[in-house]
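File shown: run.csv (CSV, C-alpha atoms).
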chain,number,residue,atom,x,y,z
D,21,MET,CA,-10.4,-21.8,12.5
D,22,LYS,CA,-13.3,-22.5,15.0
D,23,PRO,CA,-16.1,-20.0,15.6
D,24,ALA,CA,-16.3,-18.5,19.1
D,25,GLU,CA,-18.7,-20.2,21.4
D,26,GLY,CA,-22.1,-18.6,21.3
D,27,SER,CA,-21.7,-17.2,17.9
D,28,THR,CA,-24.3,-17.8,15.2
D,29,VAL,CA,-22.5,-19.7,12.4
D,30,ILE,CA,-23.2,-19.3,8.6
D,31,GLY,CA,-21.4,-22.1,6.9
D,32,LYS,CA,-19.3,-22.0,3.7
D,33,SER,CA,-22.1,-23.5,1.5
D,34,VAL,CA,-24.5,-20.6,2.3
D,35,THR,CA,-25.0,-17.7,-0.1
D,36,ILE,CA,-26.9,-14.6,1.0
D,37,ARG,CA,-28.0,-11.6,-1.0
D,38,GLY,CA,-29.5,-8.6,0.9
D,39,GLU,CA,-29.2,-7.1,4.3
D,40,LEU,CA,-28.0,-9.2,7.3
D,41,SER,CA,-28.6,-7.7,10.7
D,42,GLY,CA,-28.8,-9.1,14.2
D,43,ASN,CA,-28.2,-8.8,17.9
D,44,GLU,CA,-25.7,-11.5,18.5
D,45,ASP,CA,-22.2,-12.4,17.4
D,46,LEU,CA,-21.8,-13.9,14.0
D,47,TYR,CA,-19.3,-16.2,12.3
D,48,MET,CA,-19.7,-15.9,8.5
D,49,ASP,CA,-17.9,-18.4,6.3
D,50,GLY,CA,-20.1,-18.3,3.3
D,51,ASP,CA,-20.8,-15.8,0.5
D,52,ILE,CA,-22.8,-12.6,1.1
D,53,GLU,CA,-23.6,-9.7,-1.2
D,54,GLY,CA,-25.3,-6.7,0.4
D,55,THR,CA,-25.0,-5.2,3.9
D,56,ILE,CA,-24.1,-6.6,7.3
D,57,ARG,CA,-25.2,-4.7,10.4
D,58,LEU,CA,-24.3,-5.9,13.9
D,59,SER,CA,-24.1,-2.6,15.7
D,60,ASP,CA,-23.3,-4.0,19.2
D,61,HIS,CA,-21.8,-7.3,18.3
D,62,ALA,CA,-18.8,-9.0,16.8
D,63,LEU,CA,-18.5,-10.4,13.3
D,64,THR,CA,-15.9,-13.0,12.2
D,65,ILE,CA,-15.3,-13.4,8.5
D,66,GLY,CA,-14.0,-16.9,8.1
D,67,PRO,CA,-11.3,-18.1,5.7
D,68,ASN,CA,-13.7,-19.4,3.1
D,69,ALA,CA,-16.0,-16.4,3.1
D,70,LYS,CA,-16.4,-14.1,0.1
D,71,VAL,CA,-18.1,-10.9,1.3
D,72,LEU,CA,-19.2,-8.2,-1.0
D,73,ALA,CA,-20.9,-5.9,1.5
D,74,ASP,CA,-20.7,-2.8,3.5
D,75,ILE,CA,-20.2,-3.9,7.1
D,76,HIS,CA,-21.3,-2.0,10.3
D,77,VAL,CA,-20.3,-3.8,13.5
D,78,LYS,CA,-18.8,-3.3,16.9
D,79,ASP,CA,-15.8,-5.6,16.4
D,80,ILE,CA,-14.7,-7.6,13.4
D,81,VAL,CA,-12.1,-10.3,12.7
D,82,VAL,CA,-11.3,-11.0,9.0
D,83,PHE,CA,-9.7,-14.2,7.8
D,84,GLY,CA,-11.3,-14.3,4.3
D,85,SER,CA,-12.0,-11.9,1.5
D,86,VAL,CA,-14.0,-8.7,1.9
D,87,THR,CA,-14.9,-6.2,-0.8
D,88,GLY,CA,-16.7,-3.3,0.8
D,89,ASN,CA,-16.3,-0.7,3.5
D,90,LEU,CA,-15.7,-1.8,7.1
D,91,HIS,CA,-17.1,0.4,9.9
D,92,ALA,CA,-16.4,-0.8,13.5
D,93,THR,CA,-17.0,1.2,16.6
D,94,GLY,CA,-14.6,-1.1,18.4
D,95,ARG,CA,-11.8,-3.2,17.0
D,96,VAL,CA,-10.9,-4.4,13.5
D,97,ASP,CA,-8.6,-7.4,13.4
D,98,ILE,CA,-7.2,-8.3,9.9
D,99,ARG,CA,-5.5,-11.7,10.0
D,100,ASN,CA,-2.7,-13.1,7.9
D,101,SER,CA,-4.9,-14.6,5.1
D,102,ALA,CA,-7.3,-11.7,4.7
D,103,VAL,CA,-7.8,-9.6,1.6
D,104,VAL,CA,-9.8,-6.4,2.2
D,105,THR,CA,-10.7,-4.1,-0.7
D,106,GLY,CA,-12.5,-1.1,0.7
D,107,ASP,CA,-12.2,1.5,3.4
D,108,ILE,CA,-11.7,0.7,7.1
D,109,SER,CA,-12.8,3.0,9.8
D,110,SER,CA,-12.5,1.9,13.4
D,111,GLY,CA,-11.5,2.8,16.9
D,112,ARG,CA,-8.7,0.2,17.0
D,113,LEU,CA,-6.9,-1.8,14.4
D,114,SER,CA,-4.7,-4.8,14.3
D,115,ILE,CA,-3.2,-6.1,11.0
D,116,GLU,CA,-1.1,-9.2,10.7
D,117,GLU,CA,1.8,-9.3,8.3
D,118,ASN,CA,0.9,-10.5,4.8
D,119,ALA,CA,-2.7,-9.4,5.1
D,120,THR,CA,-3.7,-7.3,2.0
D,121,ILE,CA,-5.6,-4.1,2.2
D,122,LYS,CA,-6.5,-1.9,-0.7
D,123,GLY,CA,-8.3,1.2,0.5
D,124,MET,CA,-8.3,4.0,3.1
D,125,VAL,CA,-7.6,3.2,6.8
D,126,SER,CA,-8.8,5.8,9.3
D,127,LEU,CA,-8.7,5.4,13.0
D,128,GLY,CA,-10.3,7.2,15.9
D,129,ALA,CA,-8.6,7.8,19.2
D,130,GLY,CA,-6.4,5.2,20.8
D,131,SER,CA,-4.8,3.8,17.7
D,132,PRO,CA,-1.8,1.5,18.1
D,133,ASN,CA,1.8,2.6,18.4
D,134,ALA,CA,4.4,2.3,15.8
D,135,ASN,CA,6.8,-0.6,15.6
D,136,GLY,CA,10.5,-0.8,16.5
D,137,GLN,CA,13.5,1.3,15.3
D,138,PRO,CA,16.2,-0.8,13.6
D,139,GLU,CA,19.7,0.5,13.4
D,140,ALA,CA,21.4,1.6,10.1
D,141,ALA,CA,24.4,3.6,9.2
D,142,LYS,CA,23.6,7.3,9.1
D,143,SER,CA,26.4,8.2,6.8
D,144,GLU,CA,25.1,6.1,3.9
D,145,GLN,CA,23.7,9.1,2.0
D,146,GLU,CA,24.8,12.4,0.7
D,147,THR,CA,22.3,15.1,-0.1
D,148,LEU,CA,22.1,16.9,-3.4
D,149,LEU,CA,19.6,19.6,-4.0
D,150,LEU,CA,18.2,20.0,-7.5
D,151,GLU,CA,15.6,22.6,-8.4
D,152,PRO,CA,13.3,22.5,-11.5
D,153,LYS,CA,14.6,24.4,-14.4
D,154,ALA,CA,11.4,26.3,-15.1
K,28,MET,CA,16.5,-2.1,-4.6
K,29,ARG,CA,19.5,-4.3,-5.3
K,30,ASN,CA,19.4,-7.8,-3.9
K,31,LEU,CA,20.7,-7.4,-0.4
K,32,PHE,CA,19.1,-10.5,0.9
K,33,GLY,CA,21.8,-13.0,0.1
K,34,GLY,CA,21.8,-16.0,-2.2
K,35,GLY,CA,22.4,-16.2,-5.9
K,36,GLU,CA,20.3,-16.5,-9.0
K,37,GLY,CA,17.4,-18.9,-8.6
K,38,SER,CA,17.3,-18.7,-4.9
K,39,ALA,CA,14.9,-15.8,-4.6
K,40,ALA,CA,11.8,-17.9,-4.7
K,41,SER,CA,12.9,-20.3,-2.0
K,42,ARG,CA,14.0,-17.5,0.3
K,43,GLY,CA,10.4,-16.3,0.8
K,44,SER,CA,9.7,-12.8,2.0
K,45,GLY,CA,10.5,-13.0,5.6
K,46,GLY,CA,13.7,-11.0,6.3
K,47,LYS,CA,13.8,-7.2,6.8
K,48,PHE,CA,16.8,-5.1,6.0
K,49,PRO,CA,17.3,-1.6,7.4
K,50,ARG,CA,18.2,1.2,5.0
K,51,HIS,CA,18.9,4.8,5.9
K,52,SER,CA,16.6,7.1,4.0
K,53,SER,CA,17.1,10.9,3.8
K,54,GLY,CA,13.9,11.2,1.9
K,55,TRP,CA,11.9,9.4,4.7
K,56,LYS,CA,13.7,11.6,7.3
K,57,GLU,CA,12.4,14.7,5.5
K,58,LEU,CA,8.9,13.3,5.1
K,59,LEU,CA,8.8,12.2,8.7
K,60,LYS,CA,9.3,15.8,9.8
K,61,HIS,CA,6.4,16.8,7.7
K,62,LEU,CA,4.2,14.0,9.1
K,63,LYS,CA,5.1,14.8,12.7
K,64,GLY,CA,4.5,18.5,12.1
K,65,GLN,CA,1.0,18.3,10.7
K,66,GLU,CA,-2.3,16.8,11.9
K,67,SER,CA,-4.9,14.7,10.1
K,68,LEU,CA,-3.1,14.2,6.9
K,69,ARG,CA,-4.3,11.9,4.1
K,70,VAL,CA,-1.5,9.6,3.2
K,71,LEU,CA,-1.3,7.4,0.1
K,72,ASP,CA,1.1,4.4,0.4
K,73,ILE,CA,1.7,2.9,-3.1
K,74,GLY,CA,3.3,-0.4,-2.2
K,75,PRO,CA,2.6,-3.8,-0.9
K,76,THR,CA,0.5,-3.7,2.3
K,77,SER,CA,2.6,-3.1,5.3
K,78,SER,CA,0.9,-3.4,8.7
K,79,THR,CA,3.8,-1.5,10.1
K,80,ASN,CA,3.0,1.5,7.9
K,81,ILE,CA,-0.7,1.5,8.6
K,82,ASN,CA,0.0,1.3,12.3
K,83,TYR,CA,2.7,3.9,12.2
K,84,VAL,CA,0.8,6.5,10.0
K,85,THR,CA,-2.4,6.1,12.0
K,86,SER,CA,-0.5,6.4,15.3
K,87,LEU,CA,0.5,9.9,14.1
K,88,GLY,CA,-3.1,10.8,13.7
K,89,HIS,CA,-3.2,10.5,9.9
K,90,SER,CA,-5.3,8.3,7.7
K,91,ILE,CA,-3.6,6.0,5.1
K,92,TYR,CA,-4.8,4.7,1.8
K,93,MET,CA,-3.1,1.5,0.5
K,94,ALA,CA,-2.7,0.7,-3.2
K,95,ASN,CA,-0.2,-1.9,-4.6
K,96,LEU,CA,0.1,-0.9,-8.3
K,97,VAL,CA,2.9,-3.3,-9.2
K,98,GLU,CA,1.0,-6.4,-8.2
K,99,GLU,CA,-2.0,-5.2,-10.1
K,100,ALA,CA,-0.1,-4.1,-13.2
K,101,VAL,CA,1.3,-7.6,-13.9
K,102,ARG,CA,-2.1,-9.1,-14.4
K,103,PRO,CA,-2.7,-10.1,-18.1
K,104,GLU,CA,-6.1,-8.6,-18.2
K,105,TRP,CA,-4.7,-5.1,-18.9
K,106,VAL,CA,-3.0,-6.2,-22.1
K,107,ILE,CA,-5.1,-5.8,-25.3
K,108,PRO,CA,-3.9,-8.1,-28.0
K,109,GLY,CA,-2.8,-6.4,-31.2
K,110,GLU,CA,-4.9,-6.7,-34.3
K,111,SER,CA,-3.5,-7.8,-37.7
K,112,GLY,CA,0.1,-7.8,-36.7
K,113,GLU,CA,0.0,-4.9,-34.4
K,114,GLU,CA,1.9,-5.0,-31.1
K,115,PRO,CA,-0.3,-5.7,-28.0
K,116,ARG,CA,-1.0,-2.5,-26.0
K,117,TYR,CA,-1.7,-1.7,-22.4
K,118,ASP,CA,-5.2,-0.7,-21.4
K,119,VAL,CA,-4.1,2.3,-19.4
K,120,GLU,CA,-7.6,3.8,-19.1
K,121,ARG,CA,-9.1,0.6,-17.6
K,122,PHE,CA,-6.1,0.1,-15.3
K,123,PHE,CA,-6.5,3.5,-13.9
K,124,GLU,CA,-10.2,3.2,-13.5
K,125,THR,CA,-9.8,0.0,-11.5
K,126,ASN,CA,-6.6,0.8,-9.6
K,127,LEU,CA,-6.2,4.5,-9.3
K,128,ASN,CA,-9.7,5.6,-8.8
K,129,PHE,CA,-9.7,7.3,-5.4
K,130,SER,CA,-13.4,8.4,-5.6
K,131,GLY,CA,-12.6,12.1,-5.6
K,132,ARG,CA,-10.1,11.9,-2.7
K,133,ASN,CA,-7.1,14.1,-2.5
K,134,PHE,CA,-3.9,13.3,-0.6
K,135,ASP,CA,-1.5,15.4,1.4
K,136,VAL,CA,1.3,12.9,1.3
K,137,VAL,CA,2.1,10.1,-1.3
K,138,ILE,CA,4.8,7.5,-0.6
K,139,LEU,CA,5.5,6.1,-4.0
K,140,TRP,CA,8.6,4.1,-3.1
K,141,ASP,CA,10.3,2.6,-6.2
K,142,THR,CA,6.9,1.6,-7.8
K,143,VAL,CA,7.4,3.3,-11.2
K,144,ASP,CA,10.6,1.3,-11.9
K,145,PHE,CA,8.5,-1.9,-11.8
K,146,LEU,CA,5.6,-0.6,-13.8
K,147,PRO,CA,5.1,-1.2,-17.5
K,148,GLU,CA,6.4,1.8,-19.4
K,149,PRO,CA,3.0,2.9,-20.8
K,150,LEU,CA,1.8,3.5,-17.2
K,151,VAL,CA,4.6,5.6,-15.9
K,152,GLU,CA,3.8,9.1,-17.4
K,153,PRO,CA,0.0,8.7,-16.7
K,154,VAL,CA,0.8,7.6,-13.1
K,155,PHE,CA,2.6,10.9,-12.5
K,156,ALA,CA,-0.2,12.8,-14.1
K,157,LYS,CA,-2.7,11.1,-11.9
K,158,LEU,CA,-0.6,11.7,-8.8
K,159,HIS,CA,-0.4,15.4,-9.7
K,160,GLU,CA,-4.1,15.4,-10.0
K,161,VAL,CA,-4.8,13.8,-6.6
K,162,ILE,CA,-2.1,15.4,-4.5
K,163,ALA,CA,-3.3,18.6,-2.8
K,164,PRO,CA,-1.4,21.8,-3.6
K,165,GLY,CA,1.6,21.9,-1.3
K,166,GLY,CA,1.4,18.1,-0.7
K,167,GLN,CA,4.5,16.0,-0.7
K,168,MET,CA,5.6,12.8,-2.3
K,169,LEU,CA,8.5,10.5,-1.7
K,170,ALA,CA,9.8,8.4,-4.6
K,171,PHE,CA,12.7,6.1,-5.2
K,172,PHE,CA,14.4,5.5,-8.5
K,173,HIS,CA,17.0,2.9,-9.3
K,174,THR,CA,20.2,4.1,-10.9
K,175,ASN,CA,20.9,1.0,-12.9
K,176,ASN,CA,19.1,-2.1,-14.1
K,177,ASP,CA,20.9,-4.7,-12.0
K,178,PRO,CA,19.2,-8.0,-12.7
K,179,ALA,CA,19.6,-8.8,-9.0
K,180,THR,CA,17.2,-6.0,-8.1
K,181,VAL,CA,14.2,-7.3,-6.1
K,182,PHE,CA,10.8,-5.7,-5.5
K,183,CYS,CA,10.4,-4.7,-1.9
K,184,ARG,CA,7.8,-3.9,0.7
K,185,TYR,CA,9.1,-0.9,2.6
K,186,HIS,CA,8.3,-0.6,6.3
K,187,LEU,CA,8.3,2.8,7.9
K,188,THR,CA,10.0,3.4,11.3
K,189,ASP,CA,10.1,6.3,13.7
K,190,THR,CA,13.7,7.0,12.7
K,191,GLU,CA,15.5,7.9,9.5
K,192,VAL,CA,15.5,4.2,8.5
K,193,VAL,CA,13.1,2.3,6.4
K,194,GLU,CA,13.1,-1.5,6.5
K,195,MET,CA,13.0,-3.4,3.2
K,196,GLN,CA,11.5,-6.8,2.8
K,197,LYS,CA,11.4,-8.8,-0.5
K,198,ALA,CA,7.8,-8.8,-1.7
K,199,GLY,CA,7.3,-11.1,-4.7
K,200,SER,CA,9.3,-11.6,-7.9
K,201,TYR,CA,8.7,-8.7,-10.2
K,202,PRO,CA,11.3,-7.7,-12.8
K,203,LEU,CA,12.8,-4.2,-12.7
K,204,LEU,CA,11.4,-2.7,-15.9
K,205,ASN,CA,12.6,0.9,-16.0
K,206,THR,CA,15.6,3.0,-14.9
K,207,TYR,CA,15.7,6.8,-15.4
K,208,SER,CA,18.4,9.4,-15.6
K,209,ASN,CA,18.0,12.5,-13.4
K,210,ARG,CA,17.0,14.4,-16.6
K,211,LYS,CA,14.2,11.9,-17.3
K,212,ILE,CA,13.0,12.0,-13.7
K,213,GLU,CA,12.9,15.8,-13.9
K,214,ASN,CA,10.9,15.5,-17.0
K,215,LEU,CA,8.4,13.1,-15.3
K,216,LEU,CA,8.1,15.6,-12.5
K,217,ARG,CA,7.7,18.7,-14.7
K,218,ASP,CA,4.2,19.5,-13.5
K,219,PHE,CA,5.2,19.6,-9.8
K,220,SER,CA,6.4,22.8,-8.2
K,221,SER,CA,9.7,21.5,-6.7
K,222,TYR,CA,11.7,18.5,-5.9
K,223,ARG,CA,14.9,17.5,-4.1
K,224,PHE,CA,17.1,14.6,-4.9
K,225,PHE,CA,18.9,12.6,-2.3
K,226,LEU,CA,21.8,10.5,-3.6
K,227,ALA,CA,22.7,7.4,-1.7
K,228,LYS,CA,25.8,5.1,-1.9
K,229,ASP,CA,23.6,2.2,-3.0
K,230,ASN,CA,21.8,2.3,-6.3
K,231,LEU,CA,18.6,4.2,-5.2
K,232,ARG,CA,18.0,7.9,-5.7
K,233,GLU,CA,15.4,9.4,-3.5
K,234,VAL,CA,13.3,12.4,-4.4
K,235,ILE,CA,11.0,14.5,-2.3
K,236,ILE,CA,8.5,16.2,-4.5
K,237,THR,CA,6.2,19.0,-3.7
K,238,ARG,CA,3.0,19.5,-5.6

structure tokens encoding of this file:
Amino acid sequence: MKPAEGSTVIGKSVTIRGELSGNEDLYMDGDIEGTIRLSDHALTIGPNAKVLADIHVKDIVVFGSVTGNLHATGRVDIRNSAVVTGDISSGRLSIEENATIKGMVSLGAGSPNANGQPEAAKSEQETLLLEPKA
Amino acid sequence: MRNLFGGGEGSAASRGSGGKFPRHSSGWKELLKHLKGQESLRVLDIGPTSSTNINYVTSLGHSIYMANLVEEAVRPEWVIPGESGEEPRYDVERFFETNLNFSGRNFDVVILWDTVDFLPEPLVEPVFAKLHEVIAPGGQMLAFFHTNNDPATVFCRYHLTDTEVVEMQKAGSYPLLNTYSNRKIENLLRDFSSYRFFLAKDNLREVIITR
């Protein structure tokens, strides 16, 4: 996983405690505890990152572990290896299979469509209605 | 869900969790009508994370909360060793504080799948009590229950679709721990206002429960 060209890179040996804010794209592969604020820019959480922070960004791509709430005005992209424990609110969301999310997901307008519609036998089930006794 | 993914004993681990298998679900069909007829519902999906479910539920204009209780429940940290010959016991209170703390949120819809059949028995009654607490009055829940303890039963990730079908995908190797009779299920649901059973030809019963 290579950081996008032009991004500021925080490597995997770096640990930060406190608020991280800026006006450029950021690739974070280290540990951070606190808050990340990149209101008009993109954040990439690398596969080695351990993030314990509330995050406010335009766009975010997550490969690593995040504990905290994700707020993105643009797109949230949760990749295969990612583990997100916290709430996600964004305009658009993409989640790869086998990513893990524990928390609430809320989207604004323009959310993605549902997936395909596999075939199965309709006559597999019979319906039985039972009502509570009291 | 019974092992529909082929192979015999010992082959489950090597199969991985790739394949999906469609299953007709009358319960999902009912719930889907509800989801399509309402706006801005809060949905709780208690199963392994499914990107399909998140995409689908949010595409209907609802929000979704994901919580995988089975994976969390098998961790040894919840078992308190017994003192002076006593049996070990399950730390229900701490498990709930960690895994079923929704920060005061209520939900309009809960999709429980067959989770309770894979939970340690001490958690089952408290889970229903907690769900009764967090489901808004009139809210609905879909639950599946296995009719027998077939050792070939595997734990599945269920994927929603826009039809009356759910897709099942093997999701880890967790043993089936509980099976309940209709009477026992009714007892577990005693605090809810109503429920409807859907009997299938496979070994899953589906229940739509109204808070």

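As for CA of His89 (chain K) and CA of Arg69 (chain K), they are spaced 6.1 Å apart.
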
Give me the residues of chain K that have any atom at most 6 Å from an atom of chain D; for each, the nearest atom pair and the distance in Å, rounded to one decimal. Use all atoms listed in the file, sort by chain and number, and format it as CSV.
residue,atom,partner,partner_atom,distance
K:Pro49,CA,D:Ala140,CA,5.9
K:His51,CA,D:Ala140,CA,5.8
K:Thr76,CA,D:Thr120,CA,5.5
K:Ser78,CA,D:Ile115,CA,5.4
K:Asn82,CA,D:Ala134,CA,5.7
K:Tyr83,CA,D:Ala134,CA,4.3
K:Ser86,CA,D:Asn133,CA,5.4
K:Ser90,CA,D:Ser126,CA,4.6
K:Ile91,CA,D:Val125,CA,5.2
K:Tyr92,CA,D:Met124,CA,3.8
K:Met93,CA,D:Lys122,CA,5.0
K:Ala94,CA,D:Lys122,CA,5.2
K:Thr188,CA,D:Gln137,CA,5.7
K:Arg223,CA,D:Leu149,CA,5.1
K:Phe224,CA,D:Leu149,CA,5.7
K:Phe225,CA,D:Thr147,CA,4.8
K:Leu226,CA,D:Glu146,CA,5.6
K:Ala227,CA,D:Gln145,CA,4.2
K:Lys228,CA,D:Glu144,CA,5.9

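Reported to one decimal place, the separation of CA of Asn230 (chain K) from CA of Val70 (chain K) is 26.2 Å.
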
**Complete:** Among K:Leu96, K:Leu139, K:Val234, K:Met195, Val181 (chain K) is approached most closely, using only C-alpha atoms, by K:Met195

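With all atoms listed in the file taken into account, the protein and nucleic acid residues at most 6 Å from region 53-63 of chain D (excluding it and anything under 2 positions from it in its own chain) are Arg37, Gly38, Glu39, Leu40, Ser41, Gly42, Glu44, Asp45, Leu46, Tyr47, Leu72, Ala73, Asp74, Ile75, His76, Val77, Lys78, Asp79 and Ile80 of chain D.
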
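Nearest to Pro202 (chain K) of all the residues K:Phe171, K:Phe123, K:Tyr222, K:Phe145 is K:Phe145, counting all atoms listed in the file.
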
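Note that the spacing between CA of Asp144 (chain K) and CA of Ile81 (chain K) amounts to 23.4 Å.
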
**Item:** Residue among D:Ser33, D:Asn43, D:Thr64, D:Ser27 lying closest to Val81 (chain D), counting all atoms listed in the file
**Value:** D:Thr64

**Prompt:** From the set D:Val104, D:Val82, D:Leu90, D:Ile36, which residue has the shortest atom-to-atom contact distance to Asn68 (chain D), counting all atoms listed in the file?
**Reply:** D:Val82

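Distances from K:Val151, K:Leu58, K:Val161, K:Val193 to Thr206 (chain K) were compared using all atoms listed in the file, and the smallest one belongs to K:Val151.
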
How about completing region 85-111 of chain D with N, CA and C atoms and giving it to me as a short mmCIF file (atom, residue, chain, number, x, y, z; two decimals), in the frame of the given file?
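out.cif was written with the following content:
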data_model
loop_
_atom_site.label_atom_id
_atom_site.label_comp_id
_atom_site.auth_asym_id
_atom_site.auth_seq_id
_atom_site.Cartn_x
_atom_site.Cartn_y
_atom_site.Cartn_z
N SER D 85 -12.04 -12.98 2.47
CA SER D 85 -12.00 -11.90 1.50
C SER D 85 -13.21 -10.97 1.68
N VAL D 86 -12.95 -9.70 1.78
CA VAL D 86 -14.00 -8.70 1.90
C VAL D 86 -13.84 -7.62 0.88
N THR D 87 -14.88 -7.38 0.12
CA THR D 87 -14.90 -6.20 -0.80
C THR D 87 -16.06 -5.33 -0.29
N GLY D 88 -15.72 -4.19 0.24
CA GLY D 88 -16.70 -3.30 0.80
C GLY D 88 -16.11 -2.53 1.96
N ASN D 89 -16.85 -1.58 2.47
CA ASN D 89 -16.30 -0.70 3.50
C ASN D 89 -16.58 -1.36 4.91
N LEU D 90 -15.59 -1.27 5.79
CA LEU D 90 -15.70 -1.80 7.10
C LEU D 90 -15.82 -0.65 8.13
N HIS D 91 -16.92 -0.61 8.87
CA HIS D 91 -17.10 0.40 9.90
C HIS D 91 -17.22 -0.34 11.24
N ALA D 92 -16.29 -0.14 12.14
CA ALA D 92 -16.40 -0.80 13.50
C ALA D 92 -16.23 0.25 14.55
N THR D 93 -17.14 0.21 15.49
CA THR D 93 -17.00 1.20 16.60
C THR D 93 -15.95 0.70 17.58
N GLY D 94 -15.63 -0.58 17.55
CA GLY D 94 -14.60 -1.10 18.40
C GLY D 94 -13.33 -1.45 17.67
N ARG D 95 -13.07 -2.74 17.50
CA ARG D 95 -11.80 -3.20 17.00
C ARG D 95 -11.92 -3.89 15.63
N VAL D 96 -10.98 -3.61 14.74
CA VAL D 96 -10.90 -4.40 13.50
C VAL D 96 -9.58 -5.19 13.57
N ASP D 97 -9.71 -6.47 13.28
CA ASP D 97 -8.60 -7.40 13.40
C ASP D 97 -8.43 -8.09 12.02
N ILE D 98 -7.41 -7.70 11.27
CA ILE D 98 -7.20 -8.30 9.90
C ILE D 98 -6.12 -9.33 10.02
N ARG D 99 -6.47 -10.56 9.77
CA ARG D 99 -5.50 -11.70 10.00
C ARG D 99 -4.72 -11.94 8.68
N ASN D 100 -3.74 -12.78 8.86
CA ASN D 100 -2.70 -13.10 7.90
C ASN D 100 -3.27 -13.38 6.46
N SER D 101 -4.35 -14.16 6.41
CA SER D 101 -4.90 -14.60 5.10
C SER D 101 -5.85 -13.64 4.49
N ALA D 102 -6.16 -12.56 5.16
CA ALA D 102 -7.30 -11.70 4.70
C ALA D 102 -6.92 -10.83 3.55
N VAL D 103 -7.94 -10.56 2.73
CA VAL D 103 -7.80 -9.60 1.60
C VAL D 103 -8.99 -8.63 1.77
N VAL D 104 -8.71 -7.39 2.05
CA VAL D 104 -9.80 -6.40 2.20
C VAL D 104 -9.63 -5.33 1.14
N THR D 105 -10.67 -5.19 0.33
CA THR D 105 -10.70 -4.10 -0.70
C THR D 105 -11.82 -3.19 -0.30
N GLY D 106 -11.47 -2.08 0.28
CA GLY D 106 -12.50 -1.10 0.70
C GLY D 106 -11.90 -0.32 1.88
N ASP D 107 -12.68 0.63 2.33
CA ASP D 107 -12.20 1.50 3.40
C ASP D 107 -12.47 0.94 4.77
N ILE D 108 -11.58 1.21 5.69
CA ILE D 108 -11.70 0.70 7.10
C ILE D 108 -11.76 1.90 7.99
N SER D 109 -12.80 1.99 8.80
CA SER D 109 -12.80 3.00 9.80
C SER D 109 -13.14 2.31 11.16
N SER D 110 -12.33 2.58 12.16
CA SER D 110 -12.50 1.90 13.40
C SER D 110 -11.86 2.64 14.56
N GLY D 111 -12.13 2.19 15.78
CA GLY D 111 -11.50 2.80 16.90
C GLY D 111 -10.06 2.20 17.08
#
